[in-house]
$ cat upload11.txt   # compact mmCIF, C-alpha atoms
# COMPACT_ATOMS: atom_id res chain seq x y z
CA MET A 287 76.94 129.51 95.80
CA SER A 288 76.75 133.29 95.79
CA GLU A 289 79.02 135.69 93.92
CA LYS A 290 79.75 139.37 94.64
CA ILE A 291 79.36 141.65 91.63
CA GLY A 292 79.85 145.40 91.08
CA ILE A 293 77.30 147.31 88.96
CA LEU A 294 77.44 150.94 87.87
CA ILE A 295 74.09 152.42 86.81
CA GLU A 296 73.43 155.68 85.03
CA ALA A 297 69.87 156.84 85.70
CA ASP A 298 67.66 159.89 86.04
CA ALA A 299 68.12 162.10 89.11
CA GLY A 300 65.62 162.80 91.87
CA PRO A 301 63.61 161.22 94.69
CA GLY A 302 62.53 157.60 94.30
CA ILE A 303 65.27 156.47 91.90
CA LEU A 304 67.11 154.34 94.45
CA HIS A 305 63.79 152.78 95.48
CA GLN A 306 63.12 151.64 91.91
CA LEU A 307 66.65 150.25 91.43
CA THR A 308 66.61 148.37 94.75
CA GLY A 309 63.17 146.96 93.88
CA VAL A 310 64.59 145.18 90.84
CA ILE A 311 67.56 143.92 92.87
CA ALA A 312 65.26 142.65 95.66
CA ARG A 313 63.07 140.77 93.12
CA HIS A 314 66.20 138.95 91.94
CA GLU A 315 67.05 138.15 95.61
CA GLY A 316 70.26 140.15 95.33
CA ASN A 317 71.73 141.11 98.72
CA ILE A 318 73.19 144.63 98.48
CA THR A 319 76.40 144.76 100.53
CA SER A 320 77.57 148.20 99.39
CA VAL A 321 76.07 151.14 97.56
CA ASP A 322 77.40 154.56 96.60
CA ILE A 323 75.84 157.48 94.81
CA VAL A 324 78.80 158.68 92.76
CA GLU A 325 77.12 161.78 91.49
CA GLU A 326 73.45 162.52 91.16
CA ARG A 327 72.98 160.33 88.11
CA GLN A 328 75.37 157.44 88.83
CA THR A 329 74.81 154.73 91.43
CA TYR A 330 77.24 151.95 92.24
CA PHE A 331 76.13 148.68 93.89
CA GLU A 332 77.97 145.66 95.24
CA ILE A 333 75.53 142.77 95.32
CA ASP A 334 75.72 139.15 96.44
CA VAL A 335 73.84 137.24 93.74
CA LYS A 336 72.87 133.58 93.84
CA ASN A 337 72.18 133.12 90.12
CA ASP A 338 73.69 134.29 86.85
CA PRO A 339 73.48 138.11 87.10
CA ALA A 340 72.62 138.54 83.38
CA ALA A 341 68.86 138.61 84.03
CA LEU A 342 69.28 141.16 86.84
CA LEU A 343 71.35 143.43 84.59
CA GLU A 344 68.76 143.11 81.83
CA ASP A 345 65.86 144.00 84.14
CA LEU A 346 67.76 147.01 85.49
CA SER A 347 68.48 148.17 81.92
CA SER A 348 64.82 147.94 80.99
CA LEU A 349 63.68 150.43 83.68
CA SER A 350 62.58 153.65 81.98
CA ILE A 351 64.69 155.75 84.39
CA VAL A 352 67.90 153.85 83.52
CA ARG A 353 70.23 154.89 80.72
CA LYS A 354 73.21 152.59 81.18
CA VAL A 355 74.18 149.52 83.24
CA ALA A 356 77.76 148.25 83.42
CA ARG A 357 79.52 145.56 85.45
CA VAL A 358 82.63 146.92 87.18
CA LYS A 359 85.23 145.69 89.67
CA THR A 360 84.16 146.01 93.32
CA PHE A 361 85.74 148.53 95.72
CA GLN A 362 86.61 145.61 98.00
CA THR A 363 88.63 144.10 95.14
CA VAL A 364 90.38 147.38 94.34
CA PHE A 365 90.81 149.33 97.58
CA GLY A 366 90.35 146.57 100.19
CA LYS A 367 90.70 147.32 103.90
CA ARG A 368 91.09 150.91 105.05
CA ILE A 369 92.93 152.42 107.96
CA ILE A 370 92.37 156.08 108.77
CA ILE A 371 94.80 158.50 110.42
CA MET A 372 93.55 161.77 111.92
CA GLY A 373 94.99 164.63 113.97
CA GLY A 374 97.70 167.24 113.48
CA GLY A 375 99.22 167.61 110.00
CA ALA A 376 102.86 167.04 111.03
CA GLN A 377 102.12 163.82 112.89
CA VAL A 378 99.46 162.51 110.50
CA GLY A 379 102.06 162.82 107.71
CA GLN A 380 104.67 160.80 109.62
CA VAL A 381 102.19 158.06 110.58
CA ALA A 382 101.10 157.95 106.91
CA ILE A 383 104.73 157.43 105.79
CA GLY A 384 104.98 154.34 108.02
CA ALA A 385 101.53 153.01 107.15
CA ILE A 386 101.92 153.50 103.36
CA SER A 387 105.35 151.81 103.29
CA GLU A 388 104.03 148.86 105.27
CA ALA A 389 100.82 148.63 103.19
CA ASP A 390 103.02 148.58 100.07
CA ARG A 391 104.83 145.48 101.37
CA HIS A 392 101.55 143.67 102.03
CA ASN A 393 99.83 144.79 98.81
CA ILE A 394 102.78 143.46 96.79
CA ARG A 395 101.93 140.07 98.32
CA GLY A 396 98.34 140.28 97.11
CA GLU A 397 96.56 142.19 99.89
CA HIS A 398 94.61 145.41 99.36
CA ILE A 399 95.15 147.92 102.17
CA SER A 400 94.36 151.65 101.77
CA VAL A 401 95.67 154.39 104.06
CA ASP A 402 93.30 157.35 104.43
CA THR A 403 93.99 160.54 106.37
CA ILE A 404 92.44 163.80 107.48
CA PRO A 405 94.31 166.57 109.29
CA LEU A 406 91.96 168.22 111.79
CA VAL A 407 92.21 170.67 114.66
CA GLY A 408 89.98 171.02 117.75
CA GLU A 409 88.26 168.68 120.19
CA GLN A 410 84.79 168.70 118.62
CA PRO A 411 85.81 168.23 114.94
CA LEU A 412 88.08 165.35 116.02
CA ALA A 413 85.42 163.71 118.20
CA ASP A 414 82.91 164.02 115.31
CA ALA A 415 85.43 162.47 112.91
CA VAL A 416 86.21 159.58 115.27
CA ARG A 417 82.48 158.80 115.60
CA ALA A 418 81.90 159.16 111.84
CA CYS A 419 84.78 156.90 110.87
CA ALA A 420 83.09 153.89 112.48
CA ARG A 421 80.46 154.32 109.70
CA LEU A 422 83.03 154.32 106.86
CA PRO A 423 82.85 151.25 104.62
CA ARG A 424 85.75 148.74 104.85
CA ILE A 425 87.37 150.56 107.82
CA LYS A 426 89.51 148.36 110.11
CA ALA A 427 91.61 150.70 112.28
CA LEU A 428 91.98 154.32 113.36
CA VAL A 429 95.20 156.10 114.36
CA LEU A 430 95.01 159.26 116.47
CA ALA A 431 98.10 161.34 115.74
CA GLY A 432 98.56 164.50 117.78
CA SER A 433 100.10 166.08 120.87
CA LEU A 434 97.04 166.59 123.07
CA MET A 435 93.68 164.82 122.85
CA GLY A 436 91.08 164.19 125.52
CA GLY A 437 87.54 165.07 126.62
CA ASP A 438 84.92 164.18 124.04
CA ILE A 439 87.58 162.58 121.79
CA GLU A 440 88.23 160.04 124.58
CA ARG A 441 84.48 159.29 124.81
CA ALA A 442 84.31 158.88 121.02
CA VAL A 443 87.30 156.48 121.10
CA LYS A 444 85.54 154.33 123.68
CA GLU A 445 82.36 154.29 121.57
CA VAL A 446 84.07 153.19 118.34
CA ARG A 447 86.16 150.57 120.16
CA ALA A 448 82.89 149.16 121.54
CA GLN A 449 81.73 148.92 117.90
CA GLY A 450 84.78 146.77 117.08
CA LEU A 451 87.18 149.33 115.60
CA LEU A 452 90.89 149.04 116.48
CA VAL A 453 92.21 152.36 117.86
CA VAL A 454 95.93 153.21 117.99
CA SER A 455 97.14 156.42 119.66
CA LEU A 456 100.46 158.21 119.58
CA ASN A 457 102.00 158.73 123.02
CA MET A 458 100.61 162.20 123.81
CA ALA A 459 99.13 164.44 126.49
CA GLY A 460 95.47 164.03 127.45
CA SER A 461 93.25 161.04 128.16
CA VAL A 462 93.11 159.47 124.67
CA PRO A 463 96.17 157.18 124.96
CA ALA A 464 94.70 155.46 128.06
CA ALA A 465 91.50 154.79 126.08
CA ALA A 466 93.24 153.24 123.02
CA ASP A 467 94.04 149.61 122.18
CA LEU A 468 97.70 150.43 121.55
CA VAL A 469 99.98 153.41 122.29
CA VAL A 470 103.09 154.04 120.18
CA SER A 471 105.66 156.84 120.63
CA ASP A 472 107.23 156.88 117.17
CA PRO A 473 104.69 157.95 114.51
CA VAL A 474 106.29 155.88 111.70
CA GLN A 475 106.18 152.83 113.98
CA ALA A 476 102.53 153.60 114.81
CA GLY A 477 101.66 153.52 111.10
CA VAL A 478 103.60 150.30 110.49
CA MET A 479 102.09 148.51 113.51
CA THR A 480 98.54 149.53 112.59
CA VAL A 481 98.88 148.09 109.09
CA MET A 482 100.47 144.92 110.49
CA ALA A 483 97.53 144.56 112.89
CA VAL A 484 94.93 144.59 110.09
CA SER A 485 96.99 142.66 107.54
CA GLU A 486 96.55 138.99 106.76
CA THR A 487 100.16 138.41 105.69
CA ALA A 488 101.72 139.74 108.94
CA LYS A 489 102.29 137.64 112.05
CA PHE A 490 101.36 140.53 114.38
CA ASP A 491 98.50 139.89 116.78
CA LEU A 492 97.55 142.63 119.27
CA ALA A 493 95.88 140.07 121.53
CA ARG A 494 99.20 138.27 121.99
CA LEU A 495 101.26 141.36 122.91
CA LYS A 496 102.50 141.45 126.51
CA ARG A 497 102.40 145.26 126.65
CA ARG A 498 100.30 147.91 124.92
CA GLU A 499 102.77 150.83 125.04
CA PHE A 500 105.81 151.17 122.76
CA MET B 137 64.32 175.29 101.23
CA SER B 138 65.93 171.88 101.49
CA GLU B 139 68.28 170.65 104.21
CA LYS B 140 70.82 167.80 104.07
CA ILE B 141 70.55 165.35 106.97
CA GLY B 142 72.50 162.23 107.96
CA ILE B 143 70.58 159.19 109.25
CA LEU B 144 72.01 155.95 110.63
CA ILE B 145 69.59 153.00 110.62
CA GLU B 146 69.96 149.66 112.35
CA ALA B 147 67.79 147.06 110.62
CA ASP B 148 67.50 143.37 109.83
CA ALA B 149 69.91 141.89 107.28
CA GLY B 150 69.09 140.34 103.92
CA PRO B 151 67.66 141.06 100.46
CA GLY B 152 64.96 143.73 100.16
CA ILE B 153 65.89 145.80 103.24
CA LEU B 154 67.27 148.75 101.28
CA HIS B 155 64.18 148.67 99.06
CA GLN B 156 61.91 149.08 102.10
CA LEU B 157 64.01 151.87 103.61
CA THR B 158 64.22 153.81 100.32
CA GLY B 159 60.46 153.39 99.87
CA VAL B 160 59.78 155.37 103.07
CA ILE B 161 62.33 158.02 102.02
CA ALA B 162 60.77 158.32 98.54
CA ARG B 163 57.28 158.75 100.04
CA HIS B 164 58.61 161.69 102.05
CA GLU B 165 60.15 163.09 98.81
CA GLY B 166 63.63 162.81 100.31
CA ASN B 167 66.41 162.92 97.71
CA ILE B 168 69.15 160.46 98.72
CA THR B 169 72.54 162.01 97.88
CA SER B 170 74.69 159.42 99.63
CA VAL B 171 74.21 155.96 101.10
CA ASP B 172 76.57 153.47 102.71
CA ILE B 173 76.02 150.03 104.13
CA VAL B 174 78.33 150.16 107.13
CA GLU B 175 77.96 146.54 108.02
CA GLU B 176 75.18 144.15 107.16
CA ARG B 177 72.76 145.62 109.69
CA GLN B 178 73.64 149.33 109.57
CA THR B 179 72.79 151.69 106.72
CA TYR B 180 73.79 155.33 106.54
CA PHE B 181 71.90 157.84 104.35
CA GLU B 182 72.48 161.47 103.45
CA ILE B 183 69.16 162.92 102.31
CA ASP B 184 68.01 166.30 101.02
CA VAL B 185 64.70 166.89 102.76
CA LYS B 186 62.23 169.67 102.04
CA ASN B 187 60.22 169.45 105.26
CA ASP B 188 60.90 168.82 108.95
CA PRO B 189 62.59 165.38 108.96
CA ALA B 190 60.84 164.27 112.20
CA ALA B 191 57.98 162.55 110.32
CA LEU B 192 60.46 160.73 108.03
CA LEU B 193 62.45 159.49 111.04
CA GLU B 194 59.26 158.32 112.74
CA ASP B 195 58.04 156.41 109.66
CA LEU B 196 61.46 154.75 109.30
CA SER B 197 61.39 153.75 112.99
CA SER B 198 57.96 152.19 112.62
CA LEU B 199 59.07 149.70 109.91
CA SER B 200 59.08 146.19 111.40
CA ILE B 201 62.59 145.52 110.02
CA VAL B 202 64.06 148.61 111.75
CA ARG B 203 65.53 148.52 115.25
CA LYS B 204 67.05 151.99 115.63
CA VAL B 205 67.13 155.30 113.76
CA ALA B 206 69.55 158.09 114.68
CA ARG B 207 70.43 161.46 113.15
CA VAL B 208 74.20 161.84 112.67
CA LYS B 209 76.61 164.35 111.09
CA THR B 210 77.07 163.89 107.34
CA PHE B 211 80.35 162.61 105.81
CA GLN B 212 80.47 165.76 103.71
CA THR B 213 80.48 167.79 106.96
CA VAL B 214 83.19 165.65 108.56
CA PHE B 215 85.50 164.39 105.80
CA GLY B 216 84.71 166.83 102.97
CA LYS B 217 86.58 166.65 99.66
CA ARG B 218 88.94 163.75 99.01
CA ILE B 219 92.11 163.51 97.01
CA ILE B 220 93.61 160.08 96.37
CA ILE B 221 97.28 159.21 95.83
CA MET B 222 98.26 155.87 94.28
CA GLY B 223 101.43 154.16 93.07
CA GLY B 224 104.72 153.07 94.65
CA GLY B 225 104.98 153.16 98.44
CA ALA B 226 108.05 155.43 98.64
CA GLN B 227 106.58 158.08 96.39
CA VAL B 228 102.98 157.82 97.64
CA GLY B 229 104.34 158.52 101.14
CA GLN B 230 106.19 161.66 100.04
CA VAL B 231 103.20 163.02 98.09
CA ALA B 232 101.06 162.31 101.17
CA ILE B 233 103.42 164.35 103.38
CA GLY B 234 102.94 167.38 101.12
CA ALA B 235 99.20 166.89 100.68
CA ILE B 236 98.48 166.32 104.40
CA SER B 237 100.51 169.39 105.47
CA GLU B 238 98.73 171.55 102.92
CA ALA B 239 95.28 170.12 103.79
CA ASP B 240 96.03 170.91 107.45
CA ARG B 241 96.54 174.58 106.57
CA HIS B 242 93.22 174.73 104.70
CA ASN B 243 91.26 172.67 107.25
CA ILE B 244 92.39 175.05 110.03
CA ARG B 245 90.65 177.78 108.03
CA GLY B 246 87.39 175.83 107.98
CA GLU B 247 87.71 173.56 104.94
CA HIS B 248 87.42 169.76 105.06
CA ILE B 249 89.95 168.03 102.81
CA SER B 250 90.89 164.34 103.24
CA VAL B 251 93.98 162.70 101.75
CA ASP B 252 93.52 159.03 100.86
CA THR B 253 96.20 156.69 99.54
CA ILE B 254 96.80 153.19 98.27
CA PRO B 255 100.21 151.75 97.41
CA LEU B 256 99.87 149.41 94.42
CA VAL B 257 102.16 147.61 92.01
CA GLY B 258 101.52 146.54 88.40
CA GLU B 259 99.83 148.00 85.33
CA GLN B 260 96.46 146.26 85.67
CA PRO B 261 95.87 146.84 89.43
CA LEU B 262 96.76 150.52 88.93
CA ALA B 263 94.54 150.92 85.85
CA ASP B 264 91.67 149.25 87.77
CA ALA B 265 92.21 151.56 90.74
CA VAL B 266 92.30 154.68 88.52
CA ARG B 267 88.99 153.68 86.92
CA ALA B 268 87.43 152.78 90.29
CA CYS B 269 88.45 156.02 91.95
CA ALA B 270 86.20 158.03 89.63
CA ARG B 271 83.33 156.23 91.42
CA LEU B 272 84.48 157.17 94.94
CA PRO B 273 82.17 159.62 96.72
CA ARG B 274 83.49 163.18 97.26
CA ILE B 275 86.63 162.57 95.14
CA LYS B 276 88.14 165.69 93.53
CA ALA B 277 91.66 164.78 92.38
CA LEU B 278 93.99 161.83 91.79
CA VAL B 279 97.80 161.83 92.05
CA LEU B 280 99.80 159.13 90.29
CA ALA B 281 103.06 158.66 92.17
CA GLY B 282 105.57 156.24 90.67
CA SER B 283 108.58 155.83 88.41
CA LEU B 284 107.03 154.14 85.37
CA MET B 285 103.39 154.13 84.32
CA GLY B 286 101.84 153.72 80.89
CA GLY B 287 99.70 151.38 78.75
CA ASP B 288 96.28 150.75 80.24
CA ILE B 289 96.98 153.21 83.10
CA GLU B 290 97.26 155.98 80.47
CA ARG B 291 93.91 154.94 78.97
CA ALA B 292 92.32 154.90 82.44
CA VAL B 293 93.71 158.40 83.15
CA LYS B 294 92.11 159.71 79.95
CA GLU B 295 88.78 158.10 80.89
CA VAL B 296 88.61 159.59 84.40
CA ARG B 297 89.73 163.02 83.15
CA ALA B 298 86.85 162.88 80.66
CA GLN B 299 84.58 162.24 83.68
CA GLY B 300 85.82 165.48 85.27
CA LEU B 301 88.49 164.21 87.68
CA LEU B 302 91.70 166.26 88.05
CA VAL B 303 94.77 164.05 87.48
CA VAL B 304 98.27 165.02 88.66
CA SER B 305 101.30 162.88 87.75
CA LEU B 306 104.83 162.83 89.07
CA ASN B 307 107.47 163.37 86.40
CA MET B 308 108.19 159.74 85.49
CA ALA B 309 108.90 157.29 82.67
CA GLY B 310 106.01 156.04 80.52
CA SER B 311 103.05 157.71 78.86
CA VAL B 312 101.05 158.74 81.96
CA PRO B 313 102.61 162.21 82.51
CA ALA B 314 101.64 163.30 78.98
CA ALA B 315 98.03 162.27 79.71
CA ALA B 316 97.74 164.17 83.04
CA ASP B 317 96.44 167.67 83.80
CA LEU B 318 99.62 168.59 85.67
CA VAL B 319 103.11 167.08 85.97
CA VAL B 320 105.26 167.77 89.04
CA SER B 321 108.83 166.53 89.70
CA ASP B 322 108.99 166.93 93.48
CA PRO B 323 106.52 164.58 95.22
CA VAL B 324 105.95 166.93 98.20
CA GLN B 325 105.20 169.78 95.78
CA ALA B 326 102.84 167.47 93.86
CA GLY B 327 100.86 166.83 97.05
CA VAL B 328 100.76 170.51 97.99
CA MET B 329 99.69 171.66 94.51
CA THR B 330 96.94 169.03 94.28
CA VAL B 331 95.39 170.17 97.56
CA MET B 332 95.72 173.82 96.51
CA ALA B 333 93.93 172.99 93.24
CA VAL B 334 90.87 171.51 95.01
CA SER B 335 90.83 173.96 97.94
CA GLU B 336 88.53 176.94 98.21
CA THR B 337 90.87 179.03 100.37
CA ALA B 338 93.85 178.83 97.94
CA LYS B 339 94.36 181.22 95.04
CA PHE B 340 95.71 178.46 92.79
CA ASP B 341 93.85 177.88 89.52
CA LEU B 342 95.15 175.23 87.11
CA ALA B 343 93.37 176.91 84.19
CA ARG B 344 95.42 180.07 84.72
CA LEU B 345 98.84 178.36 84.80
CA LYS B 346 101.09 179.15 81.82
CA ARG B 347 102.80 175.74 81.99
CA ARG B 348 101.71 172.30 83.12
CA GLU B 349 105.13 170.84 84.08
CA PHE B 350 107.04 171.79 87.24
$ encode --input "upload11.txt" --output "structure tokens"
Amino acid sequence: MSEKIGILIEADAGPGILHQLTGVIARHEGNITSVDIVEERQTYFEIDVKNDPAALLEDLSSLSIVRKVARVKTFQTVFGKRIIIMGGGAQVGQVAIGAISEADRHNIRGEHISVDTIPLVGEQPLADAVRACARLPRIKALVLAGSLMGGDIERAVKEVRAQGLLVVSLNMAGSVPAAADLVVSDPVQAGVMTVMAVSETAKFDLARLKRREF
Amino acid sequence: MSEKIGILIEADAGPGILHQLTGVIARHEGNITSVDIVEERQTYFEIDVKNDPAALLEDLSSLSIVRKVARVKTFQTVFGKRIIIMGGGAQVGQVAIGAISEADRHNIRGEHISVDTIPLVGEQPLADAVRACARLPRIKALVLAGSLMGGDIERAVKEVRAQGLLVVSLNMAGSVPAAADLVVSDPVQAGVMTVMAVSETAKFDLARLKRREF
């Protein structure tokens, strides 16, 4: 039976440090499922371990480059699933209101859903952000909140949907709504529905909807 | 002169993979400044490289465990600085409205500021989240948005401030406001001020304020 643990390591800075740390983890057959370099000298790992992690922690501590090793709670435990909202400030704010209120209701019942946002202007910055968000850890859904989106943003939406990301679009001008999984006119409703779609405590299933525009 | 590059690698899953990838990067004297395991088979690196990265990319591609190597835009380029808002859903939503509108104004002028949120209830989940957020990549400030916070949340606030994180609190019951850098009564104003404090295009400097409660 494997267990997921969080470890925060303070070590020297510079090339090769991560290679040394991951070498110790590999020798203990730990499977690294998440890693973050917090600042140059702090590295955070989430690791699936098969055995008591005490020996792994001790071997990490005994590396000459390491100053401190501490077990911490995992990001998955604390921040859980993420949805991300991007587009124009006015609309991103309204979608966030709906998504945060709905996430609150699910988190009170034991879920962990985070609502992340970035207001952005312009076709290329938005297309870049859509493509990048498929690489974000723990991401489950993306909401595009604006008045006009198309061109390369539409292509980026199709790419991230092909990678398994749920994409919700406000009802807006341009070709993005036609490329999304779900189109919603009211921004608060868009936020609420997106959280319901990724939640485990909601009875909302996109696949069972008879229409995809609201 | 060093350059920061983003690389997305598709590789086999399982223990030891990250150790092999980081070994190639270390041999090329690349300094890894960020790393994320997107899903089990995809790893994303941000690396400071001194030389033309073509040879590094080629050596990564030639590992037997690697299926695909692609250069991508870095998260720092796309999502930039992050602020995080946590607490009760109603108030987190209002702080988000202010923060997103203000981030929009700065991002239009070329900055990249993201606004992340998580609605949470209870002393221990909030204290855990405060401590964990100091480990989040690119985080600059935390806003605590609620009606009553104290106890272990206050201790966590002191810890993350000691690690250099800016902490803003709504004016609320409990001991958290007294432990924060800045206390703001209006949630929209709290969001706006927090973004101004981390922005480069705003003339707002916490150190120059004559009072810390608004």
$ residues_around --input "upload11.txt" --residues "Asp317 in chain B" --least-positions-apart "5" --cutoff "8 Å" --atoms "all atoms listed in the file" --output "number ranges by chain"
B: 302-305, 348
$ atom_distance --input "upload11.txt" --atom1 "CA of Glu146 in chain B" --atom2 "CA of Thr179 in chain B"
6.6 Å
$ closest_residue --input "upload11.txt" --among "A:Ala476, A:Ala356, A:Cys419, A:Leu307" --to "Ser387 in chain A" --atoms "all atoms listed in the file"
A:Ala476
$ interface_residues --input "upload11.txt" --of "chain B" --to "chain A" --cutoff "6 Å" --atoms "only C-alpha atoms" --output "number ranges by chain"
B: 150-152, 155, 158-159, 162, 165-167, 170-174, 214, 225, 229, 233, 236-237, 240, 250-255, 265, 271, 273
$ residues_around --input "upload11.txt" --residues "range 343-352 of chain A" --least-positions-apart "2" --cutoff "7 Å" --atoms "all atoms listed in the file" --output "PDB file with C-alpha atoms, in the frame of the given file"
ATOM      1  CA  GLU A 296      73.430 155.680  85.030  1.00  0.00           C
ATOM      2  CA  ALA A 297      69.870 156.840  85.700  1.00  0.00           C
ATOM      3  CA  ASP A 298      67.660 159.890  86.040  1.00  0.00           C
ATOM      4  CA  LEU A 307      66.650 150.250  91.430  1.00  0.00           C
ATOM      5  CA  VAL A 310      64.590 145.180  90.840  1.00  0.00           C
ATOM      6  CA  PRO A 339      73.480 138.110  87.100  1.00  0.00           C
ATOM      7  CA  ALA A 340      72.620 138.540  83.380  1.00  0.00           C
ATOM      8  CA  ALA A 341      68.860 138.610  84.030  1.00  0.00           C
ATOM      9  CA  LYS A 354      73.210 152.590  81.180  1.00  0.00           C
ATOM     10  CA  VAL A 355      74.180 149.520  83.240  1.00  0.00           C
TER      11      VAL A 355
END
$ residues_around --input "upload11.txt" --residues "Pro313 in chain B" --least-positions-apart "5" --cutoff "12 Å" --atoms "all atoms listed in the file" --output "compact mmCIF listing (two decimals) with C-alpha atoms, keeping the file's coordinate frame"
# COMPACT_ATOMS: atom_id res chain seq x y z
CA VAL B 279 97.80 161.83 92.05
CA LEU B 280 99.80 159.13 90.29
CA ALA B 281 103.06 158.66 92.17
CA GLY B 282 105.57 156.24 90.67
CA SER B 283 108.58 155.83 88.41
CA LEU B 284 107.03 154.14 85.37
CA MET B 285 103.39 154.13 84.32
CA GLY B 286 101.84 153.72 80.89
CA GLY B 287 99.70 151.38 78.75
CA ILE B 289 96.98 153.21 83.10
CA GLU B 290 97.26 155.98 80.47
CA ARG B 291 93.91 154.94 78.97
CA VAL B 293 93.71 158.40 83.15
CA LYS B 294 92.11 159.71 79.95
CA VAL B 303 94.77 164.05 87.48
CA VAL B 304 98.27 165.02 88.66
CA SER B 305 101.30 162.88 87.75
CA LEU B 306 104.83 162.83 89.07
CA ASN B 307 107.47 163.37 86.40
CA MET B 308 108.19 159.74 85.49
CA LEU B 318 99.62 168.59 85.67
CA VAL B 319 103.11 167.08 85.97
CA VAL B 320 105.26 167.77 89.04
CA SER B 321 108.83 166.53 89.70
CA ARG B 348 101.71 172.30 83.12
CA GLU B 349 105.13 170.84 84.08
CA PHE B 350 107.04 171.79 87.24
$ atom_distance --input "upload11.txt" --atom1 "CA of Gln260 in chain B" --atom2 "CA of Gly300 in chain B"
22.0 Å
$ decode --input "upload11.txt" --residues "range 200-205 of chain B" --atoms "all heavy atoms" --output "mmCIF file, in the first residue's frame"
data_model
loop_
_atom_site.group_PDB
_atom_site.id
_atom_site.type_symbol
_atom_site.label_atom_id
_atom_site.label_comp_id
_atom_site.auth_asym_id
_atom_site.auth_seq_id
_atom_site.Cartn_x
_atom_site.Cartn_y
_atom_site.Cartn_z
ATOM 1 N N SER B 200 16.131 7.090 -23.505
ATOM 2 C CA SER B 200 15.189 6.050 -23.946
ATOM 3 C C SER B 200 13.806 6.218 -23.303
ATOM 4 O O SER B 200 12.805 5.754 -23.837
ATOM 5 C CB SER B 200 15.759 4.662 -23.621
ATOM 6 O OG SER B 200 15.807 4.511 -22.219
ATOM 7 N N ILE B 201 13.761 6.856 -22.132
ATOM 8 C CA ILE B 201 12.467 7.035 -21.440
ATOM 9 C C ILE B 201 11.652 8.199 -22.014
ATOM 10 O O ILE B 201 10.496 8.383 -21.658
ATOM 11 C CB ILE B 201 12.686 7.326 -19.932
ATOM 12 C CG1 ILE B 201 13.671 8.503 -19.756
ATOM 13 C CG2 ILE B 201 13.159 6.097 -19.194
ATOM 14 C CD1 ILE B 201 13.602 9.178 -18.400
ATOM 15 N N VAL B 202 12.261 9.008 -22.888
ATOM 16 C CA VAL B 202 11.614 10.245 -23.352
ATOM 17 C C VAL B 202 10.955 10.039 -24.710
ATOM 18 O O VAL B 202 11.539 9.468 -25.612
ATOM 19 C CB VAL B 202 12.644 11.391 -23.426
ATOM 20 C CG1 VAL B 202 12.087 12.583 -24.206
ATOM 21 C CG2 VAL B 202 13.038 11.824 -22.018
ATOM 22 N N ARG B 203 9.704 10.513 -24.830
ATOM 23 C CA ARG B 203 8.992 10.390 -26.097
ATOM 24 C C ARG B 203 8.918 11.692 -26.878
ATOM 25 O O ARG B 203 8.823 11.695 -28.083
ATOM 26 C CB ARG B 203 7.581 9.858 -25.859
ATOM 27 C CG ARG B 203 7.551 8.363 -26.126
ATOM 28 C CD ARG B 203 6.322 7.752 -25.600
ATOM 29 N NE ARG B 203 6.320 7.851 -24.138
ATOM 30 C CZ ARG B 203 5.523 7.149 -23.368
ATOM 31 N NH1 ARG B 203 4.655 6.337 -23.884
ATOM 32 N NH2 ARG B 203 5.578 7.256 -22.057
ATOM 33 N N LYS B 204 8.919 12.836 -26.155
ATOM 34 C CA LYS B 204 8.734 14.110 -26.845
ATOM 35 C C LYS B 204 9.311 15.234 -25.998
ATOM 36 O O LYS B 204 9.132 15.243 -24.780
ATOM 37 C CB LYS B 204 7.229 14.338 -27.059
ATOM 38 C CG LYS B 204 6.886 15.338 -28.126
ATOM 39 C CD LYS B 204 5.372 15.315 -28.362
ATOM 40 C CE LYS B 204 4.853 16.662 -28.792
ATOM 41 N NZ LYS B 204 3.375 16.727 -28.760
ATOM 42 N N VAL B 205 9.989 16.173 -26.631
ATOM 43 C CA VAL B 205 10.517 17.344 -25.935
ATOM 44 C C VAL B 205 10.091 18.588 -26.717
ATOM 45 O O VAL B 205 10.279 18.652 -27.928
ATOM 46 C CB VAL B 205 12.062 17.294 -25.858
ATOM 47 C CG1 VAL B 205 12.613 18.562 -25.219
ATOM 48 C CG2 VAL B 205 12.518 16.072 -25.069
#
